[in-house]
Amino acid sequence: MRWQKQEQIAAIPMRVVGPVKIISTEVTGDVPLPLATLESPLWPSTHRGARVCTQAGGIRATLLDERMTRSVLVEADAVADVHHVAQDIQQQKEALQAVISESSRFARLLAIHSQIVGSLLYLRFELLTGDAAGHNMATLASDRMLAWILTRYPKLRYVSISGNVCADKKVSAVNGLLGRGKNVVAEVTISAELCQQFLKTTPAKIVDLNIKKNLIGSIVSGGLRTANAHFANMLLGFYLATGQDVANIVEGSQGMVYADKRGEDLYFSVTLPNLIVGAVGNGKTLTFVQENLRLLGCHEKREPGYNARRLAIIAAAAVLCGELSLLAAQTQPGELMRSHLKLERKSKESRRG
């Protein structure tokens with residue numbers, strides 16, 4: 001079978017839900033949430049979450065950190081040789097930044113982490129990449145730094161431009177600990193009255209379910225730095241709608257829900273330490289993507305990095321809305337399946353019509 005060279009377009013249904021009120025440094029006001037998905041119940045569910053959060057005063061969101069990573073792998077004949085490099089390279093950040101600047105005016109080296117296994121040396125570079133998600137920018141910068149390193153330390157030999165400690169599109173602990181992409185926390189406080197009116201449940205039931213399902217259930221299943229019901233659903237919908245590399249939902253969905261009953265109110269938050277999004281780069285030239293980026297206010301010329309940070313904040317808000325709504329549904333026996341059957345039946349009937 002020959003490789004099909006002609007490009008085709010795969011059409012995925014997309015809707016805009018919300019808007020949801022967001023309060024943060026990068027976003028203040030009511031923001032629509034475009035989601036492209038084949039799971040049609042995701043739209044009304046996320047919309048319900050957006051409605052109750054807006055009625056409650058809005059989602060507060062904070063971007064804690066941002067960086068893109070690439071790990072390179074080199075080796076030597078003895079551990080002493082790689083140990084010397086791991087120590088010395090920490091003093092070479094200015095020289096390495098000069099190497100990076102020859103090929104990029106946005107990439108900035110933040111940190112270098114090393115891991116030694118026998119005579120193997122894994123070097124994990126962490127960089128700021130402006131408004132781009134930064135995969136290619138980080139790889140190009142790492143490629144240039146790797147060439148410089150092999151010249152400076154002649155006892156080293158090349159193994160790979162990627163040593164898997166990045167860790168790119170794989171479940172890992174390192175990304176949650178050291179960061180990859182945008183680290184965002186989104187939170188909301190909802191009264192018991194609003195919980196009953198919009199979510200048909202109580203703060204106590206949501207807190208209890210989060211403990212027994214998301215926290216204990218994830219421990220029982222062997223989940224790695226993850227405690228959530230379905231972050232991946234909202235991330236996939238949002239990533240497709242905004243032209244992201246959707247494979248990054250692997251590390252992106254490694255996030256946690258924290259719910260607490262405060263007085264009679266519900267405090268509900270989502271923590272996403274590995275949100276990998278960009279407002280420029282590959283996938284952003286598609287017409288519908290550009291329209292969605294404009295809709296989200298992430299298409300204007302601002303200081304480097306602002307649009308990507310804004311996009312990450314909105315993505316986290318979308319995740320919170322969908323997660324809250326699903327957990328509320330699961331506190332009631334049979335509600336989840338009833339809603340799926342009802343909505344999917346309507347979807348089939350509308351397609352026939």
# chains A, B, ... in the order shown; residues from 1 in each chain; ligands from 1
>>> closest_atom_pairs(of="range 76-113 of chain A", to="range 297-307 of chain A", cutoff="12 Å", atoms="only C-alpha atoms", output="Markdown table")
| residue | atom | partner | partner_atom | distance |
| --- | --- | --- | --- | --- |
| A:Arg105 | CA | A:Pro304 | CA | 10.4 |
| A:Phe106 | CA | A:Pro304 | CA | 7.7 |
| A:Ala107 | CA | A:Pro304 | CA | 10.5 |
| A:Arg108 | CA | A:Pro304 | CA | 11.8 |
>>> write_last_selection(atoms="N, CA and C atoms", output="mmCIF file, in the first residue's frame")
data_model
loop_
_atom_site.group_PDB
_atom_site.id
_atom_site.type_symbol
_atom_site.label_atom_id
_atom_site.label_comp_id
_atom_site.auth_asym_id
_atom_site.auth_seq_id
_atom_site.Cartn_x
_atom_site.Cartn_y
_atom_site.Cartn_z
ATOM 1 N N ARG A 105 14.999 33.992 18.586
ATOM 2 C CA ARG A 105 14.967 35.201 19.394
ATOM 3 C C ARG A 105 13.975 35.088 20.542
ATOM 4 N N PHE A 106 13.242 33.974 20.614
ATOM 5 C CA PHE A 106 12.266 33.783 21.683
ATOM 6 C C PHE A 106 12.720 32.769 22.731
ATOM 7 N N ALA A 107 13.440 31.728 22.324
ATOM 8 C CA ALA A 107 13.826 30.664 23.262
ATOM 9 C C ALA A 107 14.805 31.193 24.307
ATOM 10 N N ARG A 108 14.491 30.894 25.574
ATOM 11 C CA ARG A 108 15.371 31.315 26.662
ATOM 12 C C ARG A 108 15.566 30.149 27.611
#
>>> residues_around(residues="Ile206 in chain A", least_positions_apart="4", cutoff="12 Å", atoms="only C-alpha atoms", output="PyMOL selection string")
chain A and resi 190+192+195-196+199-202+210-214+257-261+265-269+323-332
>>> write_last_selection(atoms="N, CA and C atoms", output="CSV table (one decimal), in the first residue's frame")
chain,number,residue,atom,x,y,z
A,190,ILE,N,-18.7,27.8,45.2
A,190,ILE,CA,-20.1,27.7,44.8
A,190,ILE,C,-21.0,27.5,46.0
A,192,ALA,N,-24.2,26.4,48.3
A,192,ALA,CA,-25.1,25.2,48.3
A,192,ALA,C,-26.3,25.4,47.5
A,195,CYS,N,-25.4,25.0,43.9
A,195,CYS,CA,-25.1,23.5,43.6
A,195,CYS,C,-26.4,22.8,43.4
A,196,GLN,N,-27.4,23.1,44.2
A,196,GLN,CA,-28.7,22.4,44.1
A,196,GLN,C,-29.4,22.9,42.8
A,199,LEU,N,-26.6,22.0,39.6
A,199,LEU,CA,-25.9,20.7,39.5
A,199,LEU,C,-26.8,19.6,40.1
A,200,LYS,N,-27.9,20.0,40.8
A,200,LYS,CA,-28.8,19.0,41.3
A,200,LYS,C,-28.1,18.1,42.4
A,201,THR,N,-27.2,18.7,43.1
A,201,THR,CA,-26.5,17.9,44.2
A,201,THR,C,-26.0,18.9,45.3
A,202,THR,N,-25.3,18.4,46.2
A,202,THR,CA,-24.8,19.2,47.3
A,202,THR,C,-23.3,19.2,47.4
A,210,ASN,N,-15.3,13.1,45.2
A,210,ASN,CA,-13.9,13.4,44.8
A,210,ASN,C,-12.9,12.5,45.6
A,211,ILE,N,-13.1,12.4,46.9
A,211,ILE,CA,-12.2,11.6,47.7
A,211,ILE,C,-12.2,10.1,47.3
A,212,LYS,N,-13.5,9.6,47.2
A,212,LYS,CA,-13.6,8.2,47.0
A,212,LYS,C,-13.3,7.7,45.6
A,213,LYS,N,-13.7,8.6,44.6
A,213,LYS,CA,-13.5,8.2,43.2
A,213,LYS,C,-12.1,8.7,42.7
A,214,ASN,N,-11.9,10.1,42.7
A,214,ASN,CA,-10.7,10.6,42.1
A,214,ASN,C,-9.5,10.3,42.9
A,257,VAL,N,-7.9,17.1,41.1
A,257,VAL,CA,-9.0,17.9,41.6
A,257,VAL,C,-8.9,17.9,43.1
A,258,TYR,N,-9.1,19.1,43.7
A,258,TYR,CA,-9.2,19.3,45.1
A,258,TYR,C,-10.6,20.0,45.4
A,259,ALA,N,-11.4,19.3,46.2
A,259,ALA,CA,-12.7,19.8,46.5
A,259,ALA,C,-12.8,19.9,48.1
A,260,ASP,N,-13.4,20.9,48.6
A,260,ASP,CA,-13.5,21.1,50.0
A,260,ASP,C,-14.8,21.8,50.4
A,261,LYS,N,-15.5,21.4,51.5
A,261,LYS,CA,-16.7,22.0,51.9
A,261,LYS,C,-16.3,23.1,52.9
A,265,ASP,N,-20.5,26.2,51.6
A,265,ASP,CA,-20.2,26.3,50.2
A,265,ASP,C,-19.2,25.2,49.7
A,266,LEU,N,-19.2,25.1,48.4
A,266,LEU,CA,-18.2,24.1,47.8
A,266,LEU,C,-17.0,24.9,47.2
A,267,TYR,N,-15.8,24.5,47.7
A,267,TYR,CA,-14.6,25.0,47.0
A,267,TYR,C,-14.2,23.9,46.1
A,268,PHE,N,-14.0,24.2,44.8
A,268,PHE,CA,-13.6,23.2,43.8
A,268,PHE,C,-12.5,23.8,42.9
A,269,SER,N,-11.4,23.0,42.7
A,269,SER,CA,-10.3,23.4,41.9
A,269,SER,C,-9.7,22.3,41.1
A,323,GLU,N,-15.3,19.0,34.5
A,323,GLU,CA,-15.0,18.1,35.6
A,323,GLU,C,-16.0,18.3,36.7
A,324,LEU,N,-16.4,19.5,37.0
A,324,LEU,CA,-17.4,19.8,38.0
A,324,LEU,C,-18.7,19.2,37.6
A,325,SER,N,-19.1,19.4,36.4
A,325,SER,CA,-20.4,18.9,35.9
A,325,SER,C,-20.5,17.4,35.9
A,326,LEU,N,-19.4,16.7,35.5
A,326,LEU,CA,-19.5,15.3,35.5
A,326,LEU,C,-19.5,14.7,36.9
A,327,LEU,N,-18.7,15.2,37.8
A,327,LEU,CA,-18.7,14.7,39.2
A,327,LEU,C,-20.1,14.9,39.8
A,328,ALA,N,-20.7,16.1,39.5
A,328,ALA,CA,-22.1,16.3,40.1
A,328,ALA,C,-23.1,15.3,39.5
A,329,ALA,N,-23.0,15.0,38.2
A,329,ALA,CA,-23.8,14.0,37.6
A,329,ALA,C,-23.6,12.6,38.3
A,330,GLN,N,-22.4,12.3,38.6
A,330,GLN,CA,-22.1,11.0,39.2
A,330,GLN,C,-22.5,10.8,40.6
A,331,THR,N,-22.9,11.9,41.3
A,331,THR,CA,-23.4,11.8,42.6
A,331,THR,C,-24.8,11.2,42.7
A,332,GLN,N,-25.5,11.2,41.5
A,332,GLN,CA,-26.8,10.8,41.4
A,332,GLN,C,-26.9,9.5,40.6
>>> atom_distance(atom1="CA of Gly322 in chain A", atom2="CA of Ser253 in chain A")
12.9 Å
>>> closest_atom_pairs(of="range 30-110 of chain A", to="range 169-174 of chain A", cutoff="12 Å", atoms="only C-alpha atoms", output="CSV")
residue,atom,partner,partner_atom,distance
A:Thr69,CA,A:Val174,CA,10.9
A:Arg70,CA,A:Lys169,CA,11.7
A:Ser71,CA,A:Val174,CA,11.6
>>> write_last_selection(atoms="N, CA and C atoms", output="JSON list (two decimals), in the first residue's frame")
[["chain", "number", "residue", "atom", "x", "y", "z"],
["A", 69, "THR", "N", 10.33, 21.57, 27.43],
["A", 69, "THR", "CA", 11.52, 20.78, 27.71],
["A", 69, "THR", "C", 11.92, 19.88, 26.54],
["A", 70, "ARG", "N", 13.18, 19.56, 26.51],
["A", 70, "ARG", "CA", 13.72, 18.52, 25.65],
["A", 70, "ARG", "C", 14.91, 17.92, 26.38],
["A", 71, "SER", "N", 14.97, 16.60, 26.41],
["A", 71, "SER", "CA", 16.12, 15.94, 27.05],
["A", 71, "SER", "C", 16.98, 15.28, 25.98]]
>>> closest_residue(among="A:Leu215, A:Arg67, A:Glu193, A:Leu110", to="Asp131 in chain A", atoms="only C-alpha atoms")
A:Arg67
>>> atom_distance(atom1="CA of Val165 in chain A", atom2="CA of Tyr122 in chain A")
7.3 Å
>>> residues_around(residues="Gly134 in chain A", least_positions_apart="6", cutoff="9 Å", atoms="only C-alpha atoms", output="PyMOL selection string")
chain A and resi 67-69+107+127-128+181+276-278+281
>>> write_last_selection(atoms="N, CA and C atoms", output="PDB file, in the first residue's frame")
ATOM      1  N   ARG A  67       7.213  26.428  30.955  1.00  0.00           N
ATOM      2  CA  ARG A  67       8.483  26.002  30.362  1.00  0.00           C
ATOM      3  C   ARG A  67       8.234  24.843  29.403  1.00  0.00           C
ATOM      4  N   MET A  68       9.044  24.753  28.372  1.00  0.00           N
ATOM      5  CA  MET A  68       9.016  23.599  27.472  1.00  0.00           C
ATOM      6  C   MET A  68      10.349  22.875  27.619  1.00  0.00           C
ATOM      7  N   THR A  69      10.329  21.569  27.428  1.00  0.00           N
ATOM      8  CA  THR A  69      11.524  20.779  27.706  1.00  0.00           C
ATOM      9  C   THR A  69      11.918  19.882  26.535  1.00  0.00           C
ATOM     10  N   ALA A 107      13.440  31.728  22.324  1.00  0.00           N
ATOM     11  CA  ALA A 107      13.826  30.664  23.262  1.00  0.00           C
ATOM     12  C   ALA A 107      14.805  31.193  24.307  1.00  0.00           C
ATOM     13  N   LEU A 127      13.063  25.513  28.729  1.00  0.00           N
ATOM     14  CA  LEU A 127      13.136  26.795  28.038  1.00  0.00           C
ATOM     15  C   LEU A 127      11.790  27.509  28.026  1.00  0.00           C
ATOM     16  N   LEU A 128      11.845  28.828  27.987  1.00  0.00           N
ATOM     17  CA  LEU A 128      10.678  29.635  27.639  1.00  0.00           C
ATOM     18  C   LEU A 128      10.622  29.727  26.118  1.00  0.00           C
ATOM     19  N   GLY A 181       5.289  22.689  29.909  1.00  0.00           N
ATOM     20  CA  GLY A 181       4.130  23.442  29.460  1.00  0.00           C
ATOM     21  C   GLY A 181       3.756  24.467  30.517  1.00  0.00           C
ATOM     22  N   ILE A 276       0.081  22.047  27.665  1.00  0.00           N
ATOM     23  CA  ILE A 276       0.964  22.412  26.549  1.00  0.00           C
ATOM     24  C   ILE A 276       0.127  23.015  25.435  1.00  0.00           C
ATOM     25  N   VAL A 277       0.148  24.335  25.352  1.00  0.00           N
ATOM     26  CA  VAL A 277      -0.648  25.058  24.357  1.00  0.00           C
ATOM     27  C   VAL A 277       0.190  26.179  23.754  1.00  0.00           C
ATOM     28  N   GLY A 278      -0.161  26.545  22.524  1.00  0.00           N
ATOM     29  CA  GLY A 278       0.493  27.662  21.859  1.00  0.00           C
ATOM     30  C   GLY A 278      -0.508  28.421  21.004  1.00  0.00           C
ATOM     31  N   GLY A 281       2.296  28.834  15.489  1.00  0.00           N
ATOM     32  CA  GLY A 281       2.986  27.604  15.121  1.00  0.00           C
ATOM     33  C   GLY A 281       2.116  26.665  14.313  1.00  0.00           C
TER      34      GLY A 281
END
>>> closest_residue(among="A:Arg157, A:Lys93, A:Arg48, A:Arg124", to="Arg180 in chain A", atoms="only C-alpha atoms")
A:Arg124
>>> select_by_dssp(residues="range 2-234 of chain A", states="alpha helix (DSSP H)", output="VMD selection string")
chain A and resid 42 to 55 79 to 88 93 to 101 135 to 152 174 to 178 192 to 194 203 to 209 216 to 221 231 to 234
>>> residues_around(residues="range 223-240 of chain A", least_positions_apart="4", cutoff="7 Å", atoms="only C-alpha atoms", output="list of chain:residue names")
A:Pro34, A:Leu35, A:Ala36, A:Thr37, A:Ala173, A:Gly176, A:Asn214, A:Leu215, A:Ser218, A:Ile219, A:Gln244, A:Asp245, A:Val246, A:Ile249, A:Ser253, A:Gln254, A:Gly255, A:Met256, A:Val257, A:Ala315, A:Ala318, A:Val319, A:Gly322, A:Glu323
>>> select_by_dssp(residues="range 143-352 of chain A", states="strand (DSSP E or B)", output="number ranges by chain")
A: 157-160, 181-190, 227, 256-262, 265-275, 280
>>> atom_distance(atom1="CA of Leu194 in chain A", atom2="CA of Pro32 in chain A")
20.9 Å
>>> closest_residue(among="A:Trp43, A:Tyr158, A:Phe288, A:Phe125", to="Ser142 in chain A", atoms="only C-alpha atoms")
A:Phe125
>>> residues_around(residues="His47 in chain A", least_positions_apart="6", cutoff="9 Å", atoms="only C-alpha atoms", output="VMD selection string")
chain A and resid 16 to 20 33 321 to 322 325
>>> write_last_selection(atoms="N, CA and C atoms", output="PDB file, in the first residue's frame")
ATOM      1  N   VAL A  16     -19.474  25.902  20.414  1.00  0.00           N
ATOM      2  CA  VAL A  16     -18.992  26.862  21.406  1.00  0.00           C
ATOM      3  C   VAL A  16     -19.974  26.859  22.560  1.00  0.00           C
ATOM      4  N   VAL A  17     -19.483  26.559  23.768  1.00  0.00           N
ATOM      5  CA  VAL A  17     -20.336  26.536  24.954  1.00  0.00           C
ATOM      6  C   VAL A  17     -19.953  27.694  25.873  1.00  0.00           C
ATOM      7  N   GLY A  18     -20.707  27.844  26.954  1.00  0.00           N
ATOM      8  CA  GLY A  18     -20.464  28.968  27.841  1.00  0.00           C
ATOM      9  C   GLY A  18     -21.316  30.156  27.429  1.00  0.00           C
ATOM     10  N   PRO A  19     -20.794  31.375  27.693  1.00  0.00           N
ATOM     11  CA  PRO A  19     -19.448  31.681  28.182  1.00  0.00           C
ATOM     12  C   PRO A  19     -19.303  31.429  29.681  1.00  0.00           C
ATOM     13  N   VAL A  20     -18.062  31.468  30.128  1.00  0.00           N
ATOM     14  CA  VAL A  20     -17.775  31.345  31.544  1.00  0.00           C
ATOM     15  C   VAL A  20     -16.976  32.569  31.987  1.00  0.00           C
ATOM     16  N   LEU A  33     -16.214  28.985  25.163  1.00  0.00           N
ATOM     17  CA  LEU A  33     -15.346  27.810  25.181  1.00  0.00           C
ATOM     18  C   LEU A  33     -15.601  26.950  23.943  1.00  0.00           C
ATOM     19  N   CYS A 321     -14.923  23.351  34.322  1.00  0.00           N
ATOM     20  CA  CYS A 321     -16.367  23.297  34.040  1.00  0.00           C
ATOM     21  C   CYS A 321     -16.828  21.877  33.743  1.00  0.00           C
ATOM     22  N   GLY A 322     -16.103  21.182  32.895  1.00  0.00           N
ATOM     23  CA  GLY A 322     -16.489  19.820  32.528  1.00  0.00           C
ATOM     24  C   GLY A 322     -16.312  18.829  33.663  1.00  0.00           C
ATOM     25  N   SER A 325     -19.116  19.392  36.377  1.00  0.00           N
ATOM     26  CA  SER A 325     -20.420  18.926  35.916  1.00  0.00           C
ATOM     27  C   SER A 325     -20.506  17.406  35.934  1.00  0.00           C
TER      28      SER A 325
END
>>> closest_residue(among="A:Gly217, A:Gly222, A:Gly179, A:Gly163", to="Pro273 in chain A", atoms="only C-alpha atoms")
A:Gly179
>>> closest_atom_pairs(of="range 110-218 of chain A", to="range 84-91 of chain A", cutoff="10 Å", atoms="only C-alpha atoms", output="CSV")
residue,atom,partner,partner_atom,distance
A:Ala111,CA,A:Gln90,CA,8.5
A:Ile112,CA,A:Gln90,CA,7.0
A:His113,CA,A:Ala86,CA,8.4
A:Ser114,CA,A:Ala86,CA,6.2
A:Gln115,CA,A:Ala86,CA,8.2
A:Ile116,CA,A:Ala86,CA,8.4
A:Leu121,CA,A:Ala86,CA,7.7
A:Tyr122,CA,A:Ala86,CA,9.0
A:Leu123,CA,A:Ala86,CA,8.0
A:Ile149,CA,A:Ile89,CA,8.5
A:Arg152,CA,A:Val85,CA,9.6
A:Tyr153,CA,A:Val85,CA,7.3
A:Lys155,CA,A:Val85,CA,9.6
A:Leu156,CA,A:Val85,CA,8.8
>>> write_last_selection(atoms="C-alpha atoms", output="JSON list (two decimals), in the first residue's frame")
[["chain", "number", "residue", "atom", "x", "y", "z"],
["A", 111, "ALA", "CA", 17.35, 25.36, 33.74],
["A", 112, "ILE", "CA", 19.31, 22.17, 33.08],
["A", 113, "HIS", "CA", 18.60, 18.95, 34.99],
["A", 114, "SER", "CA", 20.78, 15.87, 34.73],
["A", 115, "GLN", "CA", 20.31, 12.17, 35.41],
["A", 116, "ILE", "CA", 23.14, 9.63, 35.29],
["A", 121, "LEU", "CA", 24.00, 11.16, 30.84],
["A", 122, "TYR", "CA", 20.48, 12.52, 30.37],
["A", 123, "LEU", "CA", 20.34, 16.32, 30.14],
["A", 149, "ILE", "CA", 28.39, 20.12, 24.26],
["A", 152, "ARG", "CA", 33.39, 21.10, 24.49],
["A", 153, "TYR", "CA", 33.44, 17.66, 26.12],
["A", 155, "LYS", "CA", 34.82, 12.27, 25.89],
["A", 156, "LEU", "CA", 31.10, 12.31, 25.23]]
>>> decode(residues="range 231-292 of chain A", atoms="C-alpha atoms", output="PDB file, in the first residue's frame")
ATOM      1  CA  PHE A 231      -9.597  16.029  32.204  1.00  0.00           C
ATOM      2  CA  ALA A 232      -8.669  14.449  28.863  1.00  0.00           C
ATOM      3  CA  ASN A 233     -12.151  14.992  27.406  1.00  0.00           C
ATOM      4  CA  MET A 234     -12.105  18.762  27.805  1.00  0.00           C
ATOM      5  CA  LEU A 235      -8.455  19.041  26.823  1.00  0.00           C
ATOM      6  CA  LEU A 236      -8.987  17.059  23.624  1.00  0.00           C
ATOM      7  CA  GLY A 237     -11.986  19.203  22.665  1.00  0.00           C
ATOM      8  CA  PHE A 238     -10.159  22.431  23.418  1.00  0.00           C
ATOM      9  CA  TYR A 239      -6.893  21.315  21.783  1.00  0.00           C
ATOM     10  CA  LEU A 240      -8.656  20.322  18.549  1.00  0.00           C
ATOM     11  CA  ALA A 241     -10.604  23.589  18.443  1.00  0.00           C
ATOM     12  CA  THR A 242      -7.474  25.716  18.929  1.00  0.00           C
ATOM     13  CA  GLY A 243      -5.030  23.808  16.721  1.00  0.00           C
ATOM     14  CA  GLN A 244      -2.885  22.171  19.391  1.00  0.00           C
ATOM     15  CA  ASP A 245      -0.860  18.959  19.185  1.00  0.00           C
ATOM     16  CA  VAL A 246      -3.577  16.765  20.669  1.00  0.00           C
ATOM     17  CA  ALA A 247      -1.166  13.977  21.664  1.00  0.00           C
ATOM     18  CA  ASN A 248      -0.151  16.259  24.524  1.00  0.00           C
ATOM     19  CA  ILE A 249      -3.328  15.318  26.378  1.00  0.00           C
ATOM     20  CA  VAL A 250      -1.285  12.331  27.610  1.00  0.00           C
ATOM     21  CA  GLU A 251       0.732  14.485  30.031  1.00  0.00           C
ATOM     22  CA  GLY A 252      -1.877  17.263  30.085  1.00  0.00           C
ATOM     23  CA  SER A 253      -4.504  15.020  31.659  1.00  0.00           C
ATOM     24  CA  GLN A 254      -2.182  14.205  34.570  1.00  0.00           C
ATOM     25  CA  GLY A 255      -3.870  16.663  36.904  1.00  0.00           C
ATOM     26  CA  MET A 256      -5.673  16.751  40.226  1.00  0.00           C
ATOM     27  CA  VAL A 257      -9.014  17.857  41.623  1.00  0.00           C
ATOM     28  CA  TYR A 258      -9.214  19.334  45.104  1.00  0.00           C
ATOM     29  CA  ALA A 259     -12.699  19.821  46.541  1.00  0.00           C
ATOM     30  CA  ASP A 260     -13.533  21.084  50.012  1.00  0.00           C
ATOM     31  CA  LYS A 261     -16.674  22.043  51.931  1.00  0.00           C
ATOM     32  CA  ARG A 262     -16.143  25.517  53.361  1.00  0.00           C
ATOM     33  CA  GLY A 263     -19.006  26.419  55.595  1.00  0.00           C
ATOM     34  CA  GLU A 264     -22.024  25.597  53.458  1.00  0.00           C
ATOM     35  CA  ASP A 265     -20.177  26.343  50.196  1.00  0.00           C
ATOM     36  CA  LEU A 266     -18.228  24.138  47.785  1.00  0.00           C
ATOM     37  CA  TYR A 267     -14.611  25.003  46.998  1.00  0.00           C
ATOM     38  CA  PHE A 268     -13.619  23.222  43.781  1.00  0.00           C
ATOM     39  CA  SER A 269     -10.295  23.423  41.943  1.00  0.00           C
ATOM     40  CA  VAL A 270      -8.344  21.744  39.154  1.00  0.00           C
ATOM     41  CA  THR A 271      -4.553  21.690  39.010  1.00  0.00           C
ATOM     42  CA  LEU A 272      -2.989  21.110  35.593  1.00  0.00           C
ATOM     43  CA  PRO A 273       0.822  21.161  35.768  1.00  0.00           C
ATOM     44  CA  ASN A 274       1.397  20.102  32.147  1.00  0.00           C
ATOM     45  CA  LEU A 275      -0.816  22.234  29.904  1.00  0.00           C
ATOM     46  CA  ILE A 276       0.964  22.412  26.549  1.00  0.00           C
ATOM     47  CA  VAL A 277      -0.648  25.058  24.357  1.00  0.00           C
ATOM     48  CA  GLY A 278       0.493  27.662  21.859  1.00  0.00           C
ATOM     49  CA  ALA A 279      -1.122  30.545  20.007  1.00  0.00           C
ATOM     50  CA  VAL A 280       1.288  30.380  17.052  1.00  0.00           C
ATOM     51  CA  GLY A 281       2.986  27.604  15.121  1.00  0.00           C
ATOM     52  CA  ASN A 282       1.910  24.433  13.371  1.00  0.00           C
ATOM     53  CA  GLY A 283      -1.875  23.953  13.181  1.00  0.00           C
ATOM     54  CA  LYS A 284      -2.696  27.609  13.825  1.00  0.00           C
ATOM     55  CA  THR A 285      -3.151  28.607  10.171  1.00  0.00           C
ATOM     56  CA  LEU A 286      -6.397  26.676   9.713  1.00  0.00           C
ATOM     57  CA  THR A 287      -9.335  29.036   9.243  1.00  0.00           C
ATOM     58  CA  PHE A 288     -11.491  27.643  12.058  1.00  0.00           C
ATOM     59  CA  VAL A 289      -8.501  27.709  14.425  1.00  0.00           C
ATOM     60  CA  GLN A 290      -7.790  31.352  13.663  1.00  0.00           C
ATOM     61  CA  GLU A 291     -11.455  32.169  14.221  1.00  0.00           C
ATOM     62  CA  ASN A 292     -11.414  30.420  17.601  1.00  0.00           C
TER      63      ASN A 292
END
